[in-house]
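A.B. asks: As input, take start.txt (compact mmCIF, C-alpha atoms):
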# COMPACT_ATOMS: atom_id res chain seq x y z
CA MET A 653 2.97 2.41 54.47
CA SER A 654 2.88 0.72 57.87
CA LYS A 655 3.88 -2.93 57.95
CA ILE A 656 1.93 -5.85 59.42
CA ALA A 657 3.21 -8.23 62.10
CA LEU A 658 1.68 -11.06 64.10
CA ALA A 659 1.48 -11.23 67.90
CA LEU A 660 2.92 -14.58 68.98
CA PHE A 661 1.34 -14.78 72.44
CA PRO A 662 -1.35 -17.24 71.19
CA PHE A 663 1.39 -19.33 69.52
CA MET A 664 3.51 -20.05 72.60
CA GLU A 665 2.85 -23.82 72.50
CA ASP A 666 3.42 -23.96 68.74
CA LEU A 667 6.76 -22.20 69.13
CA SER A 668 7.81 -24.59 71.90
CA ARG A 669 7.02 -27.61 69.71
CA ASP A 670 8.45 -26.33 66.43
CA LEU A 671 10.12 -22.93 66.41
CA LEU A 672 11.30 -22.85 62.80
CA GLY A 673 8.20 -24.55 61.41
CA THR A 674 5.87 -22.13 63.17
CA LEU A 675 7.78 -19.05 62.02
CA THR A 676 7.95 -20.45 58.48
CA LYS A 677 4.15 -20.84 58.35
CA ILE A 678 3.71 -17.27 59.59
CA LYS A 679 6.05 -15.92 56.92
CA GLU A 680 4.28 -17.93 54.22
CA MET A 681 0.97 -16.32 55.24
CA GLY A 682 2.42 -12.94 54.28
CA TYR A 683 3.39 -11.47 57.65
CA GLU A 684 6.50 -9.28 57.65
CA GLY A 685 7.27 -9.36 61.35
CA VAL A 686 6.45 -10.99 64.68
CA GLU A 687 6.08 -9.82 68.26
CA PHE A 688 7.20 -12.24 70.97
CA ALA A 689 5.90 -12.50 74.53
CA GLY A 690 6.99 -14.03 77.80
CA GLY A 691 10.35 -15.11 79.14
CA PHE A 692 13.44 -16.05 77.18
CA SER A 693 12.71 -19.75 76.70
CA HIS A 694 14.61 -20.03 73.40
CA ASP A 695 18.36 -19.85 73.06
CA VAL A 696 19.00 -16.48 71.45
CA HIS A 697 21.17 -17.91 68.67
CA GLU A 698 18.63 -20.62 67.82
CA LEU A 699 15.96 -17.96 67.65
CA LEU A 700 18.11 -15.63 65.55
CA ASN A 701 18.87 -18.46 63.15
CA ALA A 702 15.14 -19.21 62.71
CA LEU A 703 14.37 -15.54 62.13
CA ASN A 704 17.16 -15.23 59.57
CA LYS A 705 15.93 -18.31 57.71
CA THR A 706 12.38 -16.98 57.48
CA GLY A 707 13.20 -13.31 56.96
CA LEU A 708 10.81 -12.24 59.71
CA GLU A 709 11.62 -9.11 61.70
CA VAL A 710 11.19 -8.91 65.48
CA VAL A 711 9.01 -5.83 65.94
CA GLY A 712 8.67 -6.03 69.72
CA TRP A 713 8.66 -8.22 72.80
CA HIS A 714 6.06 -8.31 75.57
CA ILE A 715 8.24 -8.49 78.64
CA GLN A 716 7.47 -8.52 82.34
CA LYS A 717 8.61 -5.47 84.26
CA HIS A 718 11.15 -7.30 86.45
CA TYR A 719 13.31 -8.07 83.40
CA LEU A 720 14.07 -4.33 83.29
CA ASN A 721 15.18 -4.13 86.92
CA ASP A 722 18.87 -3.44 87.52
CA GLU A 723 19.52 -7.15 88.16
CA PHE A 724 18.39 -8.24 84.68
CA LEU A 725 18.43 -5.07 82.57
CA TYR A 726 21.72 -5.50 80.78
CA SER A 727 21.26 -9.21 80.03
CA THR A 728 17.83 -8.30 78.63
CA ILE A 729 19.38 -5.56 76.48
CA HIS A 730 22.03 -7.99 75.17
CA TYR A 731 19.37 -10.59 74.26
CA MET A 732 17.29 -8.02 72.42
CA GLN A 733 20.26 -6.47 70.64
CA THR A 734 21.22 -9.91 69.34
CA LEU A 735 17.73 -10.24 67.83
CA ARG A 736 17.79 -6.64 66.55
CA ASN A 737 14.66 -5.87 68.56
CA SER A 738 14.25 -2.24 69.62
CA ARG A 739 10.84 -2.31 71.36
CA LEU A 740 10.25 -3.62 74.90
CA ILE A 741 6.56 -3.58 75.80
CA ILE A 742 5.21 -4.08 79.33
CA PRO A 743 1.89 -5.99 79.03
CA ASN A 744 0.73 -5.61 82.65
CA LEU A 745 1.69 -3.93 85.90
CA PRO A 746 1.21 -4.56 89.63
CA TYR A 747 -1.95 -3.18 91.22
CA GLU A 748 -0.01 -0.62 93.24
CA ASP A 749 1.33 0.92 90.02
CA THR A 750 -2.13 1.48 88.52
CA ASN A 751 -4.69 1.83 91.33
CA SER A 752 -5.03 5.62 91.23
CA GLU A 753 -4.28 8.72 89.19
CA GLU A 754 -1.23 9.33 91.37
CA ALA A 755 0.00 5.77 90.87
CA TRP A 756 -0.28 6.06 87.09
CA ALA A 757 1.63 9.36 87.19
CA ARG A 758 4.42 7.72 89.23
CA THR A 759 4.47 4.83 86.78
CA ALA A 760 4.84 7.30 83.91
CA GLY A 761 7.91 8.73 85.66
CA GLU A 762 9.39 5.24 85.97
CA PHE A 763 8.79 4.59 82.26
CA ASN A 764 10.47 7.90 81.44
CA ARG A 765 13.57 6.91 83.41
CA LEU A 766 13.72 3.51 81.71
CA SER A 767 13.18 5.16 78.34
CA ARG A 768 16.24 7.34 78.86
CA LYS A 769 18.33 4.30 79.83
CA LEU A 770 17.18 2.25 76.86
CA SER A 771 17.66 5.08 74.40
CA ASP A 772 21.43 4.71 74.85
CA TYR A 773 21.03 1.28 73.22
CA GLY A 774 18.62 2.35 70.48
CA MET A 775 15.61 0.86 72.27
CA LYS A 776 12.17 2.07 73.33
CA ILE A 777 9.88 1.06 76.17
CA GLY A 778 6.10 0.92 75.93
CA TYR A 779 2.94 -0.20 77.67
CA HIS A 780 0.18 -2.43 76.28
CA ASN A 781 -3.32 -1.72 77.54
CA HIS A 782 -6.16 -4.01 78.53
CA ARG A 783 -9.72 -2.87 79.24
CA GLU A 784 -9.08 -1.70 82.81
CA GLU A 785 -7.08 1.33 81.66
CA PHE A 786 -10.21 2.77 80.05
CA ALA A 787 -12.32 3.05 83.17
CA ARG A 788 -14.00 6.47 83.20
CA MET A 789 -12.81 9.14 85.61
CA ASP A 790 -13.76 12.80 86.07
CA TYR A 791 -10.76 13.87 83.97
CA GLY A 792 -11.23 11.25 81.24
CA TYR A 793 -9.87 7.70 81.36
CA VAL A 794 -7.69 6.41 84.17
CA PHE A 795 -5.07 5.76 81.46
CA ASP A 796 -4.82 9.50 80.74
CA ALA A 797 -2.84 9.93 83.96
CA PHE A 798 -0.13 7.78 82.38
CA CYS A 799 -0.36 8.95 78.77
CA SER A 800 -0.29 12.66 79.60
CA ASN A 801 2.90 12.29 81.69
CA ILE A 802 5.15 10.13 79.51
CA ASP A 803 8.02 11.39 77.38
CA LYS A 804 7.62 11.47 73.62
CA ASP A 805 9.71 8.30 73.10
CA VAL A 806 7.54 6.07 75.32
CA ILE A 807 5.23 3.87 73.23
CA ILE A 808 1.54 3.59 73.97
CA GLN A 809 0.82 0.21 72.40
CA LEU A 810 -2.91 0.58 71.93
CA ASP A 811 -4.85 -2.67 71.78
CA VAL A 812 -7.94 -1.54 69.90
CA GLY A 813 -9.97 -4.64 70.77
CA ASN A 814 -9.25 -4.32 74.48
CA MET A 815 -10.17 -0.64 74.31
CA LEU A 816 -13.48 -1.28 72.55
CA SER A 817 -14.28 -4.00 75.11
CA ALA A 818 -14.29 -1.19 77.71
CA GLY A 819 -16.79 0.79 75.63
CA ALA A 820 -14.21 3.32 74.44
CA ALA A 821 -13.46 4.45 70.86
CA PRO A 822 -9.86 3.85 69.69
CA GLU A 823 -10.00 6.58 67.04
CA SER A 824 -10.40 9.43 69.52
CA PHE A 825 -7.56 8.15 71.68
CA LEU A 826 -5.25 7.87 68.67
CA ARG A 827 -5.94 11.52 67.90
CA LYS A 828 -5.40 12.59 71.50
CA TYR A 829 -1.81 11.33 71.79
CA PRO A 830 -0.44 11.38 68.22
CA TYR A 831 2.92 9.78 67.45
CA HIS A 832 3.01 7.74 70.67
CA PHE A 833 1.51 4.75 68.83
CA ASN A 834 4.63 3.32 67.22
CA THR A 835 2.91 -0.08 67.17
CA VAL A 836 -0.84 -0.80 67.38
CA HIS A 837 -2.43 -4.13 68.28
CA ILE A 838 -5.23 -5.14 65.93
CA LYS A 839 -7.35 -7.52 68.01
CA PRO A 840 -10.86 -8.19 66.64
CA TYR A 841 -13.71 -7.47 69.04
CA SER A 842 -17.45 -7.72 68.53
CA LEU A 843 -20.06 -5.86 70.61
CA GLU A 844 -22.21 -8.99 70.30
CA THR A 845 -19.76 -11.87 70.75
CA GLY A 846 -16.75 -10.27 72.41
CA PHE A 847 -13.39 -11.67 71.31
CA ASN A 848 -15.06 -14.68 69.70
CA THR A 849 -15.03 -13.04 66.30
CA ILE A 850 -12.81 -12.53 63.29
CA LEU A 851 -11.50 -9.41 61.61
CA GLY A 852 -14.04 -8.32 59.01
CA GLU A 853 -16.99 -9.51 61.10
CA ASP A 854 -16.26 -7.54 64.26
CA SER A 855 -17.26 -4.05 65.45
CA LEU A 856 -14.03 -2.07 64.95
CA ASP A 857 -13.76 0.68 62.35
CA TYR A 858 -10.38 -0.24 60.91
CA GLN A 859 -10.37 2.40 58.19
CA SER A 860 -10.73 5.11 60.84
CA ILE A 861 -8.11 3.45 63.06
CA ILE A 862 -5.60 3.30 60.20
CA LYS A 863 -6.36 6.91 59.23
CA ASN A 864 -5.78 8.19 62.78
CA ALA A 865 -2.74 6.07 63.66
CA ALA A 866 -0.17 8.81 63.03
CA GLY A 867 3.41 7.57 63.22
CA THR A 868 2.49 3.88 63.47
CA GLU A 869 5.23 1.72 61.97
CA TRP A 870 3.65 -1.67 62.64
CA PHE A 871 0.11 -2.94 62.95
CA ILE A 872 0.29 -6.14 64.99
CA ILE A 873 -2.55 -8.59 64.48
CA GLU A 874 -3.61 -10.71 67.45
CA TYR A 875 -6.28 -13.32 66.82
CA GLU A 876 -7.50 -14.44 70.24
CA SER A 877 -10.50 -16.76 69.72
CA LYS A 878 -10.12 -20.52 69.26
CA LEU A 879 -13.86 -21.14 68.83
CA LEU A 880 -13.98 -20.08 65.19
CA PHE A 881 -10.57 -21.00 63.78
CA ASN A 882 -7.27 -22.43 64.95
CA ASN A 883 -4.38 -20.03 65.49
CA PHE A 884 -2.99 -20.33 61.98
CA ASP A 885 -6.28 -20.11 60.09
CA GLY A 886 -7.43 -17.22 62.26
CA ALA A 887 -4.19 -15.32 61.71
CA GLN A 888 -4.41 -15.90 57.96
CA SER A 889 -8.03 -14.71 57.75
CA CYS A 890 -7.28 -11.58 59.81
CA LEU A 891 -4.30 -10.70 57.63
CA THR A 892 -6.27 -11.11 54.40
CA HIS A 893 -9.11 -8.90 55.64
CA PHE A 894 -6.81 -6.26 57.10
CA LYS A 895 -4.85 -5.96 53.86
CA ASN A 896 -8.10 -5.55 51.94
CA ILE A 897 -9.22 -2.78 54.29
CA ARG A 898 -5.88 -1.01 54.34
CA GLY A 899 -5.14 -1.52 50.68
CA LYS A 900 -2.25 -3.73 49.67
Have the structure of the file written as structure tokens, please.

C.D. replies:
Amino acid sequence: MSKIALALFPFMEDLSRDLLGTLTKIKEMGYEGVEFAGGFSHDVHELLNALNKTGLEVVGWHIQKHYLNDEFLYSTIHYMQTLRNSRLIIPNLPYEDTNSEEAWARTAGEFNRLSRKLSDYGMKIGYHNHREEFARMDYGYVFDAFCSNIDKDVIIQLDVGNMLSAGAAPESFLRKYPYHFNTVHIKPYSLETGFNTILGEDSLDYQSIIKNAAGTEWFIIEYESKLLFNNFDGAQSCLTHFKNIRGK
């Protein structure tokens, strides 16, 4: 059965104030892993110590593309190896890399080259979508120009809430590119209230998403709204509902 992790992007301030305390609360909720985002603001050994104390696994890191340039690549690899993280996920790209079908195809080639480099270190590269990737084109979605040209080891980290916000159905996309979805972001989205919702009250069909997520090792919950609950209460509520839907 796939495991459940928490996306830490909304918790950046909490982690800066109290790294160990924040991770301890997340573990006590029942999460098995965490996904970090941003630069390397924590000393790697301090971070490793906190992870070891809580027993949380690093299931990925949202990292800006320049950290994989030749100048920084090997220091990035060393940092991630120390944390036993094997997934490097690009959360956004420059306009020139995504502004046409041809640009997306070129970007796919760049991801393939990075994938081959990282595979020597037991690591994978992936891309995390927002809504823009699901603009309609004659051949399908603009994102198809990327997904149809990547090697089998490149992760498509599908954010189901972002996809639904573009009016697209996650289930069909999961079926279209099976086994690329090593991790899937579970971000609640409502057709009525947008991201100001909570899992269990939103518009996503999670049973169908789970059923069609072939090869997914981790579902990563990301609670984005602060209007309904604070970060911790929102993350707890989402986890409880997702476990009930998936079956414990």

A.B. asks: Find, counting all atoms listed in the file, the residue in A:Phe663, A:Phe847, A:Trp870, A:Tyr831 that gets nearest to Ile678 (chain A).

C.D. replies: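 So, comparing all the options, the nearest one is A:Phe663.
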
A.B. asks: Quick one: of A:Ala755, A:Leu826, A:Ala760, A:Ile850, who's nearest to Val806 (chain A), counting all atoms listed in the file?

C.D. replies: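 Using all atoms listed in the file, Val806 (chain A) sits closest to A:Ala760.
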
A.B. asks: In Å, with one decimal, what is the gap from CA of Leu766 (chain A) to CA of Ala797 (chain A)?

C.D. replies: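 Those two atoms sit 17.9 Å apart.
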
A.B. asks: Against region 679-700 of chain A, which residues of region 775-878 of chain A fall within 10 Å? For each one I want the closest pair of atoms and the distance in Å (one decimal), counting only C-alpha atoms, rows by chain and increasing residue number, as a tab-separated table.

C.D. replies:
residue	atom	partner	partner_atom	distance
A:Trp870	CA	A:Gly685	CA	8.6
A:Phe871	CA	A:Gly685	CA	9.7
A:Ile872	CA	A:Glu687	CA	7.6
A:Ile873	CA	A:Val686	CA	9.3
A:Glu874	CA	A:Glu687	CA	9.8

A.B. asks: Go ahead and write the selection's residues with C-alpha atoms as a short mmCIF file (atom, residue, chain, number, x, y, z; two decimals), in the frame of the given file.

C.D. replies:
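Now in again_1.cif:
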data_model
loop_
_atom_site.label_atom_id
_atom_site.label_comp_id
_atom_site.auth_asym_id
_atom_site.auth_seq_id
_atom_site.Cartn_x
_atom_site.Cartn_y
_atom_site.Cartn_z
CA TRP A 870 3.65 -1.67 62.64
CA PHE A 871 0.11 -2.94 62.95
CA ILE A 872 0.29 -6.14 64.99
CA ILE A 873 -2.55 -8.59 64.48
CA GLU A 874 -3.61 -10.71 67.45
#

A.B. asks: Set the distance at 6 Å and use all atoms listed in the file: which residues neighbour Pro840 (chain A) once local chain neighbours fewer than 6 positions away are removed? I'd like the list as a PDB file with C-alpha atoms, in the coordinates of the input.

C.D. replies:
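Once everything was written out, this is result-v7.pdb:
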ATOM      1  CA  GLY A 813      -9.970  -4.640  70.770  1.00  0.00           C
ATOM      2  CA  ILE A 850     -12.810 -12.530  63.290  1.00  0.00           C
ATOM      3  CA  LEU A 851     -11.500  -9.410  61.610  1.00  0.00           C
ATOM      4  CA  ASP A 854     -16.260  -7.540  64.260  1.00  0.00           C
TER       5      ASP A 854
END

A.B. asks: Can you list, as a list in words, every protein, DNA or RNA residue that comes within 9 Å of Pro662 (chain A) when you count all atoms listed in the file, leaving out same-chain residues fewer than 5 positions away?

C.D. replies: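 Surrounding residues, per the criterion: Glu874, Tyr875, Glu876 and Asn883 of chain A.
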
A.B. asks: First collect every listed atom of region 775-785 of chain A; then fit an axis-aligned box around them, widen it by 6 Å on each side, and give centre and edge lengths in Å to one decimal, as lines of an AutoDock Vina configuration file.

C.D. replies:
center_x = 2.9
center_y = -1.0
center_z = 77.5
size_x = 37.3
size_y = 18.1
size_z = 22.5

A.B. asks: When you count all atoms listed in the file, which of these residues is closest to Ser855 (chain A): A:Leu671, A:Glu762, A:Pro822, A:Thr835?

C.D. replies: A:Pro822

A.B. asks: For CA of Ile742 (chain A) and CA of Leu720 (chain A), quote the distance in Å rounded to one decimal.

C.D. replies: 9.7 Å

A.B. asks: Reconstruct region 718-741 of chain A at the level of N, CA, C and O atoms, and format the result as an mmCIF file, in the coordinates of the input.

C.D. replies:
data_model
loop_
_atom_site.group_PDB
_atom_site.id
_atom_site.type_symbol
_atom_site.label_atom_id
_atom_site.label_comp_id
_atom_site.auth_asym_id
_atom_site.auth_seq_id
_atom_site.Cartn_x
_atom_site.Cartn_y
_atom_site.Cartn_z
ATOM 1 N N HIS A 718 9.954 -6.986 85.658
ATOM 2 C CA HIS A 718 11.150 -7.300 86.450
ATOM 3 C C HIS A 718 12.374 -7.556 85.576
ATOM 4 O O HIS A 718 13.506 -7.457 86.053
ATOM 5 N N TYR A 719 12.168 -7.876 84.293
ATOM 6 C CA TYR A 719 13.310 -8.070 83.400
ATOM 7 C C TYR A 719 14.036 -6.750 83.091
ATOM 8 O O TYR A 719 15.114 -6.766 82.497
ATOM 9 N N LEU A 720 13.438 -5.630 83.495
ATOM 10 C CA LEU A 720 14.070 -4.330 83.290
ATOM 11 C C LEU A 720 14.610 -3.746 84.597
ATOM 12 O O LEU A 720 15.060 -2.609 84.626
ATOM 13 N N ASN A 721 14.537 -4.536 85.668
ATOM 14 C CA ASN A 721 15.180 -4.130 86.920
ATOM 15 C C ASN A 721 16.695 -4.173 86.741
ATOM 16 O O ASN A 721 17.211 -4.833 85.832
ATOM 17 N N ASP A 722 17.414 -3.507 87.626
ATOM 18 C CA ASP A 722 18.870 -3.440 87.520
ATOM 19 C C ASP A 722 19.513 -4.819 87.427
ATOM 20 O O ASP A 722 20.503 -5.014 86.711
ATOM 21 N N GLU A 723 18.938 -5.805 88.123
ATOM 22 C CA GLU A 723 19.520 -7.150 88.160
ATOM 23 C C GLU A 723 19.551 -7.796 86.775
ATOM 24 O O GLU A 723 20.475 -8.546 86.445
ATOM 25 N N PHE A 724 18.517 -7.544 85.960
ATOM 26 C CA PHE A 724 18.390 -8.240 84.680
ATOM 27 C C PHE A 724 18.516 -7.316 83.472
ATOM 28 O O PHE A 724 18.556 -7.802 82.343
ATOM 29 N N LEU A 725 18.558 -6.021 83.675
ATOM 30 C CA LEU A 725 18.430 -5.070 82.570
ATOM 31 C C LEU A 725 19.445 -5.311 81.465
ATOM 32 O O LEU A 725 19.087 -5.377 80.288
ATOM 33 N N TYR A 726 20.699 -5.460 81.820
ATOM 34 C CA TYR A 726 21.720 -5.500 80.780
ATOM 35 C C TYR A 726 21.771 -6.853 80.065
ATOM 36 O O TYR A 726 22.109 -6.907 78.875
ATOM 37 N N SER A 727 21.382 -7.929 80.735
ATOM 38 C CA SER A 727 21.260 -9.210 80.030
ATOM 39 C C SER A 727 20.051 -9.165 79.089
ATOM 40 O O SER A 727 20.087 -9.727 77.984
ATOM 41 N N THR A 728 18.981 -8.482 79.499
ATOM 42 C CA THR A 728 17.830 -8.300 78.630
ATOM 43 C C THR A 728 18.209 -7.484 77.391
ATOM 44 O O THR A 728 17.857 -7.841 76.251
ATOM 45 N N ILE A 729 18.938 -6.397 77.601
ATOM 46 C CA ILE A 729 19.380 -5.560 76.480
ATOM 47 C C ILE A 729 20.238 -6.374 75.512
ATOM 48 O O ILE A 729 20.044 -6.303 74.284
ATOM 49 N N HIS A 730 21.154 -7.188 76.035
ATOM 50 C CA HIS A 730 22.030 -7.990 75.170
ATOM 51 C C HIS A 730 21.200 -8.975 74.338
ATOM 52 O O HIS A 730 21.452 -9.145 73.132
ATOM 53 N N TYR A 731 20.236 -9.631 74.964
ATOM 54 C CA TYR A 731 19.370 -10.590 74.260
ATOM 55 C C TYR A 731 18.632 -9.895 73.126
ATOM 56 O O TYR A 731 18.591 -10.381 71.986
ATOM 57 N N MET A 732 18.067 -8.739 73.423
ATOM 58 C CA MET A 732 17.290 -8.020 72.420
ATOM 59 C C MET A 732 18.165 -7.442 71.316
ATOM 60 O O MET A 732 17.781 -7.430 70.144
ATOM 61 N N GLN A 733 19.351 -6.975 71.666
ATOM 62 C CA GLN A 733 20.260 -6.470 70.640
ATOM 63 C C GLN A 733 20.663 -7.584 69.670
ATOM 64 O O GLN A 733 20.784 -7.350 68.464
ATOM 65 N N THR A 734 20.866 -8.776 70.191
ATOM 66 C CA THR A 734 21.220 -9.910 69.340
ATOM 67 C C THR A 734 20.126 -10.180 68.315
ATOM 68 O O THR A 734 20.407 -10.529 67.158
ATOM 69 N N LEU A 735 18.871 -9.994 68.724
ATOM 70 C CA LEU A 735 17.730 -10.240 67.830
ATOM 71 C C LEU A 735 17.344 -9.001 67.019
ATOM 72 O O LEU A 735 16.396 -9.050 66.234
ATOM 73 N N ARG A 736 18.070 -7.908 67.229
ATOM 74 C CA ARG A 736 17.790 -6.640 66.550
ATOM 75 C C ARG A 736 16.366 -6.143 66.858
ATOM 76 O O ARG A 736 15.691 -5.574 66.007
ATOM 77 N N ASN A 737 15.955 -6.367 68.101
ATOM 78 C CA ASN A 737 14.660 -5.870 68.560
ATOM 79 C C ASN A 737 14.845 -4.571 69.331
ATOM 80 O O ASN A 737 15.643 -4.517 70.268
ATOM 81 N N SER A 738 14.081 -3.552 68.976
ATOM 82 C CA SER A 738 14.250 -2.240 69.620
ATOM 83 C C SER A 738 13.063 -1.833 70.492
ATOM 84 O O SER A 738 13.077 -0.744 71.060
ATOM 85 N N ARG A 739 12.036 -2.696 70.607
ATOM 86 C CA ARG A 739 10.840 -2.310 71.360
ATOM 87 C C ARG A 739 10.577 -3.307 72.486
ATOM 88 O O ARG A 739 10.370 -4.499 72.235
ATOM 89 N N LEU A 740 10.558 -2.813 73.719
ATOM 90 C CA LEU A 740 10.250 -3.620 74.900
ATOM 91 C C LEU A 740 8.930 -3.117 75.467
ATOM 92 O O LEU A 740 8.828 -1.970 75.907
ATOM 93 N N ILE A 741 7.925 -3.976 75.438
ATOM 94 C CA ILE A 741 6.560 -3.580 75.800
ATOM 95 C C ILE A 741 6.131 -4.295 77.075
ATOM 96 O O ILE A 741 6.170 -5.529 77.147
#
